[in-house]
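Q: Structure in structure tokens, see below.
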Amino acid sequence: MPRQLTEANVLDVWENGLAGPPAARSLLFASMAAPGGSNVADLPLSALNSLLLELRRGAFGDALPCTADCPECGESLDVTVAAAELLPPGGGAAVAATATVKSYGRTVTYRALTGRDVRSVDPATPRARQALLRRCVLRVDPPADDLPDEVLEDVARRLADDDPGADAVVSLNCPQCEHSWDAALDLAEHLWTDVSEYARRLLHEVHALARAYGWTEADVLAISPTRRQFYLEASTG
């Protein structure tokens, strides 16, 4: 059975997330929403995004507050996106195991990118994009030791069509200059922000009640949020 984010585990999730890079957090979150024993690292990115949305909706609700700057006039926009708007087209239909593209005289067989691929490539390294794309190439005919960037970009364009839910995109319109554009939303980073804020707030409550009453962390977390709020107000009263 899938697990959920709760007060009982959010501090452990936050602590584990602090120790790893963003790509590792994405897999951590996805593993919580997936059925037990699922190998989430090898799922297509659209399937990972679906799991992240499921976990986020269960813990923090359907509305995702977002901030974006208009690329045309620089106006800052505060928007709220419904999780349903970010679901992959077709509800996350199965992605083909392999596909082919003909590019610059070569036939390239490739597969969708996975969480393991993203986890394996440091985005700060030179030519990280090309390294990521090479990971999904399975076969080249005629064989080639290295693929030109032009071929890799053809593969990238096909990946966007083959796994359209791999990138969560929000359609925005600037009220200031009326410019319209699509903005990418990093679901794992958004969820990490929610988890971090909740965990830090919870730790502050533990700290305050430990000082006021001498309770341990376990004592505080055993109290319901409603009763905990009463004790917090009473202790400052």
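Identifiers for the structure tokens are assigned positionally: chains receive A, B, ... in sequence, residues are indexed from 1 per chain, and ligands are indexed from 1 in the order shown.
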Neighbours of range 212-222 of chain A within 12 Å (only C-alpha atoms; same-chain residues fewer than 6 positions away dropped), as a list in words?
A: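 Listed by chain and then number, they are Thr6, Glu7, Ala8, Asn9, Val10, Leu11, Ala199, Leu202, Leu203, His204, Glu205, Val206, Arg228, Gln229, Tyr231, Leu232, Glu233, Ala234, Ser235, Thr236 and Gly237 of chain A.
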Q: So that each row is one residue of range 118-205 of chain A with an atom at most 7 Å from range 23-30 of chain A, can you give its shortest atom pair and the distance in Å to one decimal, using only C-alpha atoms, rows by chain and rising number, as a Markdown table?
A:
```
| residue | atom | partner | partner_atom | distance |
| --- | --- | --- | --- | --- |
| A:Val118 | CA | A:Ala23 | CA | 6.4 |
| A:Arg119 | CA | A:Ala23 | CA | 5.1 |
| A:Ala188 | CA | A:Ser26 | CA | 5.1 |
```
Q: Just the number, please: distance in Å from CA of Glu72 in chain A to CA of Ala168 in chain A, one decimal.
A: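 These atoms are spaced 21.3 Å apart.
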Q: What lies within 12 Å of Ala63 in chain A using only C-alpha atoms, ignoring chain neighbours under 5 positions off, as a list in words?
A: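 Neighbouring residues, sequence-local ones excluded: Leu53, Arg56, Arg57, Gly58, Val79, Thr80, Val81, Ala82, Ala83, Ala84, Glu85, Leu86, His190, Leu191 and Asp194 of chain A.
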Q: Considering only strand (DSSP E or B) as DSSP defines it on the backbone, what residues of range 50-172 of chain A qualify? List them as a ChimeraX atom specification.
A: /A:63-69,76-82,99-103,106-110,114,137-141,168-172
Q: So, counting only C-alpha atoms, which residue among A:Ala19, A:Leu113, A:Val108, A:Ala99 is closest to Ala41 in chain A?
A: A:Leu113
Q: So the first atom is CA of Pro126 in chain A and the second is CA of Leu185 in chain A; what is the distance between them in Å, to one decimal place?
A: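 Computing it gives 23.4 Å between the two atoms.
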